[in-house]
Amino acid sequence: MAQSALIVIMTKVPLPDERILFKGHPAVIGSVTRLLISIFTLGIGAIWFWLKSVNTQYLITSQRIVIETGIFSREIETLEIYQIDDIHLDKPLNQRMMGTGNIVLLTRDISAPKILLDRLPLDVRELYEQMRPCIQQARFRFHVRDEENSRENL
């Protein structure tokens with residue numbers, strides 16, 4: 001049932017002038033640490049990592065970011081891309097060895113001021129380079145200026 005709801009939500013994307021930059025799950029074994037845990041627990045850790053990974057869906061488009069998580073109940077977090085203030089790339093050594101990386105988004109969204117896109121199974125630098133002009137265009141389109149940064153008021 002949860003998978004069918006995920007399919008329904010994801011098939012409504014992209015909107016007419018929206019393009020998909022990344023759609024997928026975090027890597028199951030995206031770091032050397034996870035690999036070692038999987039080996040030392042004789043595969044039990046790998047099963048847990050797999051369950052968490054397949055039940056997390058990232059959708060990054062030129063206009064928004066949608067994160068769906070949950071094994072039994074689903075939580076959907078949507079962030080319009082113009083609300084992103086800053087992007088940090090995080091490529092720890094143990095993830096670089098496995099070909100993954102993280103993107104940390106600092107946002108104006110009160111409910112989610114910091115969003116972690118964990119263990120992305122692609123070149124995070126390339127994804128960042130695709131996201132950057134989309135964010136700038138969206139901020140221009142919605143007249144978002146840096147002086148209005150709501151995080152300064154916290």
# chains A, B, ... in the order shown; residues from 1 in each chain; ligands from 1
>>> residues_around(residues="A:Gly99", least_positions_apart="6", cutoff="12 Å", atoms="only C-alpha atoms", output="list in words")
Pro26, Ala27, Val28, Ile29, Gly30, Ser31, Val32, Lys91, Pro92, Leu93, Arg119, Leu120, Pro121, Leu122, Asp123, Val124 and Arg125 of chain A
>>> write_last_selection(atoms="N, CA and C atoms", output="PDB file, in the first residue's frame")
ATOM      1  N   PRO A  26      18.908   6.448  -0.890  1.00  0.00           N
ATOM      2  CA  PRO A  26      20.296   6.496  -0.421  1.00  0.00           C
ATOM      3  C   PRO A  26      20.966   5.144  -0.655  1.00  0.00           C
ATOM      4  N   ALA A  27      22.259   5.137  -0.758  1.00  0.00           N
ATOM      5  CA  ALA A  27      22.989   3.879  -0.939  1.00  0.00           C
ATOM      6  C   ALA A  27      22.812   3.005   0.300  1.00  0.00           C
ATOM      7  N   VAL A  28      22.617   1.712   0.089  1.00  0.00           N
ATOM      8  CA  VAL A  28      22.436   0.780   1.211  1.00  0.00           C
ATOM      9  C   VAL A  28      23.715   0.705   2.032  1.00  0.00           C
ATOM     10  N   ILE A  29      24.798   0.353   1.385  1.00  0.00           N
ATOM     11  CA  ILE A  29      26.103   0.287   2.056  1.00  0.00           C
ATOM     12  C   ILE A  29      26.919   1.432   1.464  1.00  0.00           C
ATOM     13  N   GLY A  30      26.689   2.648   1.962  1.00  0.00           N
ATOM     14  CA  GLY A  30      27.295   3.826   1.370  1.00  0.00           C
ATOM     15  C   GLY A  30      28.557   4.283   2.044  1.00  0.00           C
ATOM     16  N   SER A  31      29.063   3.509   2.997  1.00  0.00           N
ATOM     17  CA  SER A  31      30.296   3.904   3.672  1.00  0.00           C
ATOM     18  C   SER A  31      31.036   2.653   4.131  1.00  0.00           C
ATOM     19  N   VAL A  32      32.315   2.814   4.370  1.00  0.00           N
ATOM     20  CA  VAL A  32      33.128   1.699   4.861  1.00  0.00           C
ATOM     21  C   VAL A  32      32.629   1.260   6.238  1.00  0.00           C
ATOM     22  N   LYS A  91      31.753  14.935   1.897  1.00  0.00           N
ATOM     23  CA  LYS A  91      32.255  13.702   1.294  1.00  0.00           C
ATOM     24  C   LYS A  91      33.313  13.093   2.214  1.00  0.00           C
ATOM     25  N   PRO A  92      32.867  12.472   3.323  1.00  0.00           N
ATOM     26  CA  PRO A  92      33.843  11.855   4.228  1.00  0.00           C
ATOM     27  C   PRO A  92      34.621  10.752   3.512  1.00  0.00           C
ATOM     28  N   LEU A  93      35.815  10.479   3.992  1.00  0.00           N
ATOM     29  CA  LEU A  93      36.675   9.479   3.369  1.00  0.00           C
ATOM     30  C   LEU A  93      35.979   8.128   3.249  1.00  0.00           C
ATOM     31  N   ARG A 119      24.104   9.805   1.981  1.00  0.00           N
ATOM     32  CA  ARG A 119      24.606   8.685   1.188  1.00  0.00           C
ATOM     33  C   ARG A 119      24.049   8.657  -0.245  1.00  0.00           C
ATOM     34  N   LEU A 120      24.102   9.789  -0.909  1.00  0.00           N
ATOM     35  CA  LEU A 120      23.624   9.846  -2.293  1.00  0.00           C
ATOM     36  C   LEU A 120      24.563   9.031  -3.182  1.00  0.00           C
ATOM     37  N   PRO A 121      24.003   8.106  -3.954  1.00  0.00           N
ATOM     38  CA  PRO A 121      24.850   7.209  -4.764  1.00  0.00           C
ATOM     39  C   PRO A 121      25.244   7.810  -6.109  1.00  0.00           C
ATOM     40  N   LEU A 122      25.793   9.011  -6.092  1.00  0.00           N
ATOM     41  CA  LEU A 122      26.228   9.682  -7.310  1.00  0.00           C
ATOM     42  C   LEU A 122      27.272  10.727  -6.945  1.00  0.00           C
ATOM     43  N   ASP A 123      27.778  11.408  -7.943  1.00  0.00           N
ATOM     44  CA  ASP A 123      28.751  12.467  -7.704  1.00  0.00           C
ATOM     45  C   ASP A 123      28.005  13.685  -7.162  1.00  0.00           C
ATOM     46  N   VAL A 124      28.121  13.943  -5.857  1.00  0.00           N
ATOM     47  CA  VAL A 124      27.365  15.029  -5.228  1.00  0.00           C
ATOM     48  C   VAL A 124      27.810  16.398  -5.755  1.00  0.00           C
ATOM     49  N   ARG A 125      29.045  16.507  -6.186  1.00  0.00           N
ATOM     50  CA  ARG A 125      29.527  17.774  -6.755  1.00  0.00           C
ATOM     51  C   ARG A 125      28.779  18.098  -8.047  1.00  0.00           C
TER      52      ARG A 125
END
>>> select_by_dssp(residues="chain A", states="alpha helix (DSSP H)", output="PDB file with N, CA and C atoms, in the first residue's frame")
ATOM      1  N   ALA A   2       1.914   1.267   0.845  1.00  0.00           N
ATOM      2  CA  ALA A   2       2.783   2.442   0.921  1.00  0.00           C
ATOM      3  C   ALA A   2       3.526   2.651  -0.392  1.00  0.00           C
ATOM      4  N   GLN A   3       3.943   1.565  -1.039  1.00  0.00           N
ATOM      5  CA  GLN A   3       4.649   1.683  -2.310  1.00  0.00           C
ATOM      6  C   GLN A   3       3.735   2.270  -3.380  1.00  0.00           C
ATOM      7  N   SER A   4       2.420   1.911  -3.383  1.00  0.00           N
ATOM      8  CA  SER A   4       1.513   2.454  -4.383  1.00  0.00           C
ATOM      9  C   SER A   4       1.302   3.951  -4.168  1.00  0.00           C
ATOM     10  N   ALA A   5       1.259   4.397  -2.896  1.00  0.00           N
ATOM     11  CA  ALA A   5       1.136   5.823  -2.617  1.00  0.00           C
ATOM     12  C   ALA A   5       2.376   6.569  -3.090  1.00  0.00           C
ATOM     13  N   LEU A   6       3.539   5.958  -2.895  1.00  0.00           N
ATOM     14  CA  LEU A   6       4.790   6.551  -3.352  1.00  0.00           C
ATOM     15  C   LEU A   6       4.779   6.685  -4.868  1.00  0.00           C
ATOM     16  N   ILE A   7       4.304   5.672  -5.552  1.00  0.00           N
ATOM     17  CA  ILE A   7       4.258   5.699  -7.012  1.00  0.00           C
ATOM     18  C   ILE A   7       3.305   6.783  -7.490  1.00  0.00           C
ATOM     19  N   VAL A   8       2.158   6.937  -6.827  1.00  0.00           N
ATOM     20  CA  VAL A   8       1.195   7.966  -7.214  1.00  0.00           C
ATOM     21  C   VAL A   8       1.800   9.352  -7.051  1.00  0.00           C
ATOM     22  N   ILE A   9       2.457   9.618  -5.922  1.00  0.00           N
ATOM     23  CA  ILE A   9       3.057  10.925  -5.683  1.00  0.00           C
ATOM     24  C   ILE A   9       4.170  11.192  -6.687  1.00  0.00           C
ATOM     25  N   MET A  10       5.033  10.217  -6.912  1.00  0.00           N
ATOM     26  CA  MET A  10       6.179  10.426  -7.782  1.00  0.00           C
ATOM     27  C   MET A  10       5.781  10.507  -9.259  1.00  0.00           C
ATOM     28  N   THR A  11       4.625   9.944  -9.664  1.00  0.00           N
ATOM     29  CA  THR A  11       4.238  10.028 -11.066  1.00  0.00           C
ATOM     30  C   THR A  11       3.673  11.388 -11.417  1.00  0.00           C
ATOM     31  N   VAL A  32      32.315   2.814   4.370  1.00  0.00           N
ATOM     32  CA  VAL A  32      33.128   1.699   4.861  1.00  0.00           C
ATOM     33  C   VAL A  32      32.629   1.260   6.238  1.00  0.00           C
ATOM     34  N   THR A  33      32.192   2.211   7.048  1.00  0.00           N
ATOM     35  CA  THR A  33      31.663   1.879   8.375  1.00  0.00           C
ATOM     36  C   THR A  33      30.470   0.930   8.266  1.00  0.00           C
ATOM     37  N   ARG A  34      29.538   1.241   7.367  1.00  0.00           N
ATOM     38  CA  ARG A  34      28.378   0.369   7.175  1.00  0.00           C
ATOM     39  C   ARG A  34      28.796  -1.003   6.634  1.00  0.00           C
ATOM     40  N   LEU A  35      29.789  -1.019   5.782  1.00  0.00           N
ATOM     41  CA  LEU A  35      30.285  -2.287   5.264  1.00  0.00           C
ATOM     42  C   LEU A  35      30.839  -3.148   6.388  1.00  0.00           C
ATOM     43  N   LEU A  36      31.629  -2.554   7.258  1.00  0.00           N
ATOM     44  CA  LEU A  36      32.204  -3.302   8.385  1.00  0.00           C
ATOM     45  C   LEU A  36      31.120  -3.785   9.352  1.00  0.00           C
ATOM     46  N   ILE A  37      30.133  -2.933   9.621  1.00  0.00           N
ATOM     47  CA  ILE A  37      29.021  -3.349  10.493  1.00  0.00           C
ATOM     48  C   ILE A  37      28.290  -4.537   9.867  1.00  0.00           C
ATOM     49  N   SER A  38      28.070  -4.488   8.569  1.00  0.00           N
ATOM     50  CA  SER A  38      27.386  -5.587   7.878  1.00  0.00           C
ATOM     51  C   SER A  38      28.175  -6.886   7.969  1.00  0.00           C
ATOM     52  N   ILE A  39      29.485  -6.791   7.846  1.00  0.00           N
ATOM     53  CA  ILE A  39      30.338  -7.989   7.922  1.00  0.00           C
ATOM     54  C   ILE A  39      30.352  -8.554   9.335  1.00  0.00           C
ATOM     55  N   PHE A  40      30.559  -7.683  10.331  1.00  0.00           N
ATOM     56  CA  PHE A  40      30.674  -8.154  11.717  1.00  0.00           C
ATOM     57  C   PHE A  40      29.363  -8.659  12.309  1.00  0.00           C
ATOM     58  N   ILE A  44      23.165  -9.111   9.316  1.00  0.00           N
ATOM     59  CA  ILE A  44      21.978  -8.538   9.962  1.00  0.00           C
ATOM     60  C   ILE A  44      21.985  -7.012   9.802  1.00  0.00           C
ATOM     61  N   GLY A  45      23.137  -6.405   9.958  1.00  0.00           N
ATOM     62  CA  GLY A  45      23.254  -4.962   9.758  1.00  0.00           C
ATOM     63  C   GLY A  45      22.896  -4.570   8.336  1.00  0.00           C
ATOM     64  N   ALA A  46      23.291  -5.382   7.365  1.00  0.00           N
ATOM     65  CA  ALA A  46      22.997  -5.091   5.966  1.00  0.00           C
ATOM     66  C   ALA A  46      21.495  -5.130   5.708  1.00  0.00           C
ATOM     67  N   ILE A  47      20.801  -6.057   6.354  1.00  0.00           N
ATOM     68  CA  ILE A  47      19.342  -6.136   6.198  1.00  0.00           C
ATOM     69  C   ILE A  47      18.699  -4.865   6.745  1.00  0.00           C
ATOM     70  N   TRP A  48      19.145  -4.412   7.925  1.00  0.00           N
ATOM     71  CA  TRP A  48      18.613  -3.195   8.515  1.00  0.00           C
ATOM     72  C   TRP A  48      18.903  -1.976   7.614  1.00  0.00           C
ATOM     73  N   PHE A  49      20.143  -1.883   7.115  1.00  0.00           N
ATOM     74  CA  PHE A  49      20.504  -0.770   6.234  1.00  0.00           C
ATOM     75  C   PHE A  49      19.668  -0.804   4.958  1.00  0.00           C
ATOM     76  N   TRP A  50      19.419  -2.005   4.430  1.00  0.00           N
ATOM     77  CA  TRP A  50      18.609  -2.151   3.220  1.00  0.00           C
ATOM     78  C   TRP A  50      17.180  -1.680   3.479  1.00  0.00           C
ATOM     79  N   LEU A  51      16.591  -2.102   4.608  1.00  0.00           N
ATOM     80  CA  LEU A  51      15.224  -1.683   4.945  1.00  0.00           C
ATOM     81  C   LEU A  51      15.122  -0.155   5.031  1.00  0.00           C
ATOM     82  N   LYS A  52      16.081   0.472   5.705  1.00  0.00           N
ATOM     83  CA  LYS A  52      16.059   1.932   5.833  1.00  0.00           C
ATOM     84  C   LYS A  52      16.245   2.609   4.475  1.00  0.00           C
ATOM     85  N   SER A  53      17.104   2.039   3.642  1.00  0.00           N
ATOM     86  CA  SER A  53      17.391   2.651   2.350  1.00  0.00           C
ATOM     87  C   SER A  53      16.201   2.558   1.395  1.00  0.00           C
ATOM     88  N   VAL A  54      15.613   1.391   1.256  1.00  0.00           N
ATOM     89  CA  VAL A  54      14.508   1.244   0.302  1.00  0.00           C
ATOM     90  C   VAL A  54      13.255   1.976   0.764  1.00  0.00           C
ATOM     91  N   LEU A  93      35.815  10.479   3.992  1.00  0.00           N
ATOM     92  CA  LEU A  93      36.675   9.479   3.369  1.00  0.00           C
ATOM     93  C   LEU A  93      35.979   8.128   3.249  1.00  0.00           C
ATOM     94  N   ASN A  94      35.296   7.688   4.316  1.00  0.00           N
ATOM     95  CA  ASN A  94      34.676   6.359   4.256  1.00  0.00           C
ATOM     96  C   ASN A  94      33.524   6.308   3.258  1.00  0.00           C
ATOM     97  N   GLN A  95      32.929   7.441   2.916  1.00  0.00           N
ATOM     98  CA  GLN A  95      31.902   7.451   1.875  1.00  0.00           C
ATOM     99  C   GLN A  95      32.524   7.624   0.486  1.00  0.00           C
ATOM    100  N   ARG A  96      33.573   8.421   0.386  1.00  0.00           N
ATOM    101  CA  ARG A  96      34.241   8.592  -0.912  1.00  0.00           C
ATOM    102  C   ARG A  96      34.754   7.260  -1.429  1.00  0.00           C
ATOM    103  N   VAL A 124      28.121  13.943  -5.857  1.00  0.00           N
ATOM    104  CA  VAL A 124      27.365  15.029  -5.228  1.00  0.00           C
ATOM    105  C   VAL A 124      27.810  16.398  -5.755  1.00  0.00           C
ATOM    106  N   ARG A 125      29.045  16.507  -6.186  1.00  0.00           N
ATOM    107  CA  ARG A 125      29.527  17.774  -6.755  1.00  0.00           C
ATOM    108  C   ARG A 125      28.779  18.098  -8.047  1.00  0.00           C
ATOM    109  N   GLU A 126      28.558  17.093  -8.874  1.00  0.00           N
ATOM    110  CA  GLU A 126      27.824  17.289 -10.122  1.00  0.00           C
ATOM    111  C   GLU A 126      26.365  17.667  -9.834  1.00  0.00           C
ATOM    112  N   LEU A 127      25.741  17.012  -8.855  1.00  0.00           N
ATOM    113  CA  LEU A 127      24.369  17.347  -8.473  1.00  0.00           C
ATOM    114  C   LEU A 127      24.294  18.775  -7.952  1.00  0.00           C
ATOM    115  N   TYR A 128      25.265  19.167  -7.141  1.00  0.00           N
ATOM    116  CA  TYR A 128      25.342  20.549  -6.640  1.00  0.00           C
ATOM    117  C   TYR A 128      25.407  21.535  -7.798  1.00  0.00           C
ATOM    118  N   GLU A 129      26.240  21.255  -8.789  1.00  0.00           N
ATOM    119  CA  GLU A 129      26.390  22.146  -9.937  1.00  0.00           C
ATOM    120  C   GLU A 129      25.095  22.242 -10.744  1.00  0.00           C
ATOM    121  N   GLN A 130      24.274  21.185 -10.732  1.00  0.00           N
ATOM    122  CA  GLN A 130      22.974  21.232 -11.403  1.00  0.00           C
ATOM    123  C   GLN A 130      21.947  22.001 -10.568  1.00  0.00           C
ATOM    124  N   MET A 131      22.032  21.879  -9.235  1.00  0.00           N
ATOM    125  CA  MET A 131      21.073  22.527  -8.349  1.00  0.00           C
ATOM    126  C   MET A 131      21.301  24.034  -8.242  1.00  0.00           C
ATOM    127  N   ARG A 132      22.539  24.454  -8.258  1.00  0.00           N
ATOM    128  CA  ARG A 132      22.884  25.857  -8.011  1.00  0.00           C
ATOM    129  C   ARG A 132      22.155  26.837  -8.934  1.00  0.00           C
ATOM    130  N   PRO A 133      22.186  26.658 -10.264  1.00  0.00           N
ATOM    131  CA  PRO A 133      21.452  27.608 -11.114  1.00  0.00           C
ATOM    132  C   PRO A 133      19.935  27.523 -10.914  1.00  0.00           C
ATOM    133  N   CYS A 134      19.425  26.341 -10.600  1.00  0.00           N
ATOM    134  CA  CYS A 134      17.987  26.195 -10.349  1.00  0.00           C
ATOM    135  C   CYS A 134      17.571  26.993  -9.121  1.00  0.00           C
ATOM    136  N   ILE A 135      18.397  26.954  -8.084  1.00  0.00           N
ATOM    137  CA  ILE A 135      18.114  27.698  -6.856  1.00  0.00           C
ATOM    138  C   ILE A 135      18.160  29.202  -7.148  1.00  0.00           C
ATOM    139  N   GLN A 136      19.175  29.638  -7.882  1.00  0.00           N
ATOM    140  CA  GLN A 136      19.306  31.063  -8.193  1.00  0.00           C
ATOM    141  C   GLN A 136      18.127  31.559  -9.026  1.00  0.00           C
ATOM    142  N   GLN A 137      17.706  30.767 -10.008  1.00  0.00           N
ATOM    143  CA  GLN A 137      16.565  31.156 -10.838  1.00  0.00           C
ATOM    144  C   GLN A 137      15.278  31.210 -10.028  1.00  0.00           C
ATOM    145  N   ALA A 138      15.075  30.230  -9.149  1.00  0.00           N
ATOM    146  CA  ALA A 138      13.861  30.200  -8.327  1.00  0.00           C
ATOM    147  C   ALA A 138      13.844  31.374  -7.350  1.00  0.00           C
ATOM    148  N   ARG A 139      14.976  31.683  -6.761  1.00  0.00           N
ATOM    149  CA  ARG A 139      15.052  32.811  -5.827  1.00  0.00           C
ATOM    150  C   ARG A 139      14.765  34.124  -6.557  1.00  0.00           C
ATOM    151  N   PHE A 140      15.243  34.253  -7.781  1.00  0.00           N
ATOM    152  CA  PHE A 140      14.965  35.448  -8.575  1.00  0.00           C
ATOM    153  C   PHE A 140      13.475  35.511  -8.929  1.00  0.00           C
ATOM    154  N   ARG A 141      12.909  34.383  -9.341  1.00  0.00           N
ATOM    155  CA  ARG A 141      11.501  34.322  -9.736  1.00  0.00           C
ATOM    156  C   ARG A 141      10.569  34.671  -8.577  1.00  0.00           C
TER     157      ARG A 141
END
>>> closest_residue(among="A:Val66, A:Ser111, A:Ile71, A:Asp118", to="A:Lys23", atoms="only C-alpha atoms")
A:Val66
>>> select_by_dssp(residues="chain A", states="strand (DSSP E or B)", output="ChimeraX atom specification")
/A:20-24,56-61,64-69,75-80,84-90,101-107,114-120
>>> write_last_selection(atoms="N, CA and C atoms", output="tab-separated table (two decimals), in the first residue's frame")
chain	number	residue	atom	x	y	z
A	20	ILE	N	13.75	16.63	-13.50
A	20	ILE	CA	14.26	15.80	-12.42
A	20	ILE	C	15.79	15.83	-12.45
A	21	LEU	N	16.39	16.18	-11.31
A	21	LEU	CA	17.85	16.18	-11.19
A	21	LEU	C	18.33	14.86	-10.58
A	22	PHE	N	17.57	14.32	-9.64
A	22	PHE	CA	17.90	13.04	-9.02
A	22	PHE	C	16.63	12.43	-8.45
A	23	LYS	N	16.47	11.13	-8.68
A	23	LYS	CA	15.35	10.38	-8.11
A	23	LYS	C	15.91	9.02	-7.71
A	24	GLY	N	15.80	8.71	-6.42
A	24	GLY	CA	16.31	7.42	-5.98
A	24	GLY	C	16.41	7.32	-4.47
A	56	THR	N	13.38	5.02	2.02
A	56	THR	CA	13.68	6.45	1.91
A	56	THR	C	13.80	6.76	0.43
A	57	GLN	N	13.02	7.71	-0.02
A	57	GLN	CA	13.02	8.09	-1.44
A	57	GLN	C	13.35	9.58	-1.54
A	58	TYR	N	14.36	9.91	-2.34
A	58	TYR	CA	14.71	11.30	-2.60
A	58	TYR	C	14.25	11.66	-4.00
A	59	LEU	N	13.62	12.82	-4.12
A	59	LEU	CA	13.28	13.37	-5.43
A	59	LEU	C	13.76	14.81	-5.43
A	60	ILE	N	14.72	15.11	-6.27
A	60	ILE	CA	15.27	16.46	-6.37
A	60	ILE	C	14.98	16.93	-7.79
A	61	THR	N	14.22	18.00	-7.89
A	61	THR	CA	13.89	18.56	-9.20
A	61	THR	C	14.39	19.99	-9.27
A	64	ARG	N	11.77	21.71	-6.57
A	64	ARG	CA	11.51	21.27	-5.20
A	64	ARG	C	12.30	20.02	-4.86
A	65	ILE	N	12.28	19.73	-3.56
A	65	ILE	CA	12.90	18.52	-3.05
A	65	ILE	C	11.84	17.81	-2.23
A	66	VAL	N	11.65	16.53	-2.53
A	66	VAL	CA	10.67	15.71	-1.80
A	66	VAL	C	11.43	14.54	-1.18
A	67	ILE	N	11.24	14.36	0.13
A	67	ILE	CA	11.88	13.25	0.84
A	67	ILE	C	10.77	12.44	1.50
A	68	GLU	N	10.67	11.18	1.13
A	68	GLU	CA	9.69	10.28	1.75
A	68	GLU	C	10.43	9.25	2.57
A	69	THR	N	10.04	9.11	3.83
A	69	THR	CA	10.70	8.16	4.72
A	69	THR	C	9.65	7.38	5.50
A	75	GLU	N	6.34	9.51	6.05
A	75	GLU	CA	6.45	10.94	6.29
A	75	GLU	C	6.99	11.56	5.01
A	76	ILE	N	6.34	12.61	4.56
A	76	ILE	CA	6.75	13.27	3.32
A	76	ILE	C	7.13	14.71	3.65
A	77	GLU	N	8.37	15.06	3.36
A	77	GLU	CA	8.88	16.42	3.56
A	77	GLU	C	9.10	17.03	2.18
A	78	THR	N	8.47	18.17	1.93
A	78	THR	CA	8.62	18.86	0.66
A	78	THR	C	9.22	20.23	0.91
A	79	LEU	N	10.21	20.56	0.12
A	79	LEU	CA	10.88	21.85	0.24
A	79	LEU	C	10.93	22.49	-1.14
A	80	GLU	N	10.36	23.68	-1.23
A	80	GLU	CA	10.47	24.42	-2.48
A	80	GLU	C	11.91	24.92	-2.59
A	84	ILE	N	16.02	27.42	-0.22
A	84	ILE	CA	17.38	27.00	0.14
A	84	ILE	C	18.29	28.22	0.19
A	85	ASP	N	18.94	28.40	1.34
A	85	ASP	CA	19.89	29.50	1.51
A	85	ASP	C	21.32	29.08	1.17
A	86	ASP	N	21.68	27.85	1.53
A	86	ASP	CA	23.06	27.41	1.33
A	86	ASP	C	23.10	25.90	1.17
A	87	ILE	N	24.10	25.44	0.45
A	87	ILE	CA	24.32	24.00	0.25
A	87	ILE	C	25.73	23.67	0.70
A	88	HIS	N	25.86	22.62	1.50
A	88	HIS	CA	27.17	22.13	1.91
A	88	HIS	C	27.33	20.71	1.36
A	89	LEU	N	28.48	20.47	0.75
A	89	LEU	CA	28.80	19.12	0.29
A	89	LEU	C	29.64	18.45	1.36
A	90	ASP	N	29.32	17.22	1.67
A	90	ASP	CA	30.05	16.46	2.68
A	90	ASP	C	30.45	15.13	2.06
A	101	GLY	N	28.15	10.39	-1.18
A	101	GLY	CA	28.39	11.65	-0.49
A	101	GLY	C	27.09	12.20	0.05
A	102	ASN	N	27.19	13.26	0.83
A	102	ASN	CA	26.02	13.88	1.45
A	102	ASN	C	25.89	15.32	0.97
A	103	ILE	N	24.66	15.79	0.96
A	103	ILE	CA	24.39	17.20	0.72
A	103	ILE	C	23.58	17.70	1.91
A	104	VAL	N	24.04	18.80	2.51
A	104	VAL	CA	23.33	19.43	3.62
A	104	VAL	C	22.75	20.74	3.10
A	105	LEU	N	21.45	20.90	3.27
A	105	LEU	CA	20.75	22.10	2.81
A	105	LEU	C	20.37	22.95	4.01
A	106	LEU	N	20.77	24.21	4.00
A	106	LEU	CA	20.33	25.17	5.01
A	106	LEU	C	19.20	25.97	4.37
A	107	THR	N	18.04	25.97	5.03
A	107	THR	CA	16.84	26.50	4.39
A	107	THR	C	16.16	27.58	5.23
A	114	LYS	N	17.39	22.61	8.44
A	114	LYS	CA	18.57	21.90	7.96
A	114	LYS	C	18.11	20.52	7.47
A	115	ILE	N	18.40	20.22	6.21
A	115	ILE	CA	18.00	18.95	5.62
A	115	ILE	C	19.25	18.22	5.15
A	116	LEU	N	19.36	16.96	5.53
A	116	LEU	CA	20.49	16.12	5.14
A	116	LEU	C	20.03	15.11	4.10
A	117	LEU	N	20.65	15.17	2.93
A	117	LEU	CA	20.45	14.16	1.90
A	117	LEU	C	21.65	13.22	2.03
A	118	ASP	N	21.42	12.09	2.66
A	118	ASP	CA	22.48	11.20	3.14
A	118	ASP	C	22.80	10.10	2.14
A	119	ARG	N	24.10	9.80	1.98
A	119	ARG	CA	24.61	8.69	1.19
A	119	ARG	C	24.05	8.66	-0.24
A	120	LEU	N	24.10	9.79	-0.91
A	120	LEU	CA	23.62	9.85	-2.29
A	120	LEU	C	24.56	9.03	-3.18
>>> atom_distance(atom1="atom CA of A:Pro16", atom2="atom CA of A:Arg74")
26.5 Å
>>> closest_residue(among="A:Asn55, A:Ser73, A:Ser62, A:Gln83", to="A:Glu18", atoms="only C-alpha atoms")
A:Ser62
>>> atom_distance(atom1="atom CA of A:Arg108", atom2="atom CA of A:Asp146")
10.7 Å
>>> decode(residues="stretch 28-44 of chain A", atoms="C-alpha atoms", output="PDB file, in the first residue's frame")
ATOM      1  CA  VAL A  28      22.436   0.780   1.211  1.00  0.00           C
ATOM      2  CA  ILE A  29      26.103   0.287   2.056  1.00  0.00           C
ATOM      3  CA  GLY A  30      27.295   3.826   1.370  1.00  0.00           C
ATOM      4  CA  SER A  31      30.296   3.904   3.672  1.00  0.00           C
ATOM      5  CA  VAL A  32      33.128   1.699   4.861  1.00  0.00           C
ATOM      6  CA  THR A  33      31.663   1.879   8.375  1.00  0.00           C
ATOM      7  CA  ARG A  34      28.378   0.369   7.175  1.00  0.00           C
ATOM      8  CA  LEU A  35      30.285  -2.287   5.264  1.00  0.00           C
ATOM      9  CA  LEU A  36      32.204  -3.302   8.385  1.00  0.00           C
ATOM     10  CA  ILE A  37      29.021  -3.349  10.493  1.00  0.00           C
ATOM     11  CA  SER A  38      27.386  -5.587   7.878  1.00  0.00           C
ATOM     12  CA  ILE A  39      30.338  -7.989   7.922  1.00  0.00           C
ATOM     13  CA  PHE A  40      30.674  -8.154  11.717  1.00  0.00           C
ATOM     14  CA  THR A  41      26.937  -8.703  12.257  1.00  0.00           C
ATOM     15  CA  LEU A  42      26.924 -11.501   9.666  1.00  0.00           C
ATOM     16  CA  GLY A  43      24.542  -9.636   7.377  1.00  0.00           C
ATOM     17  CA  ILE A  44      21.978  -8.538   9.962  1.00  0.00           C
TER      18      ILE A  44
END
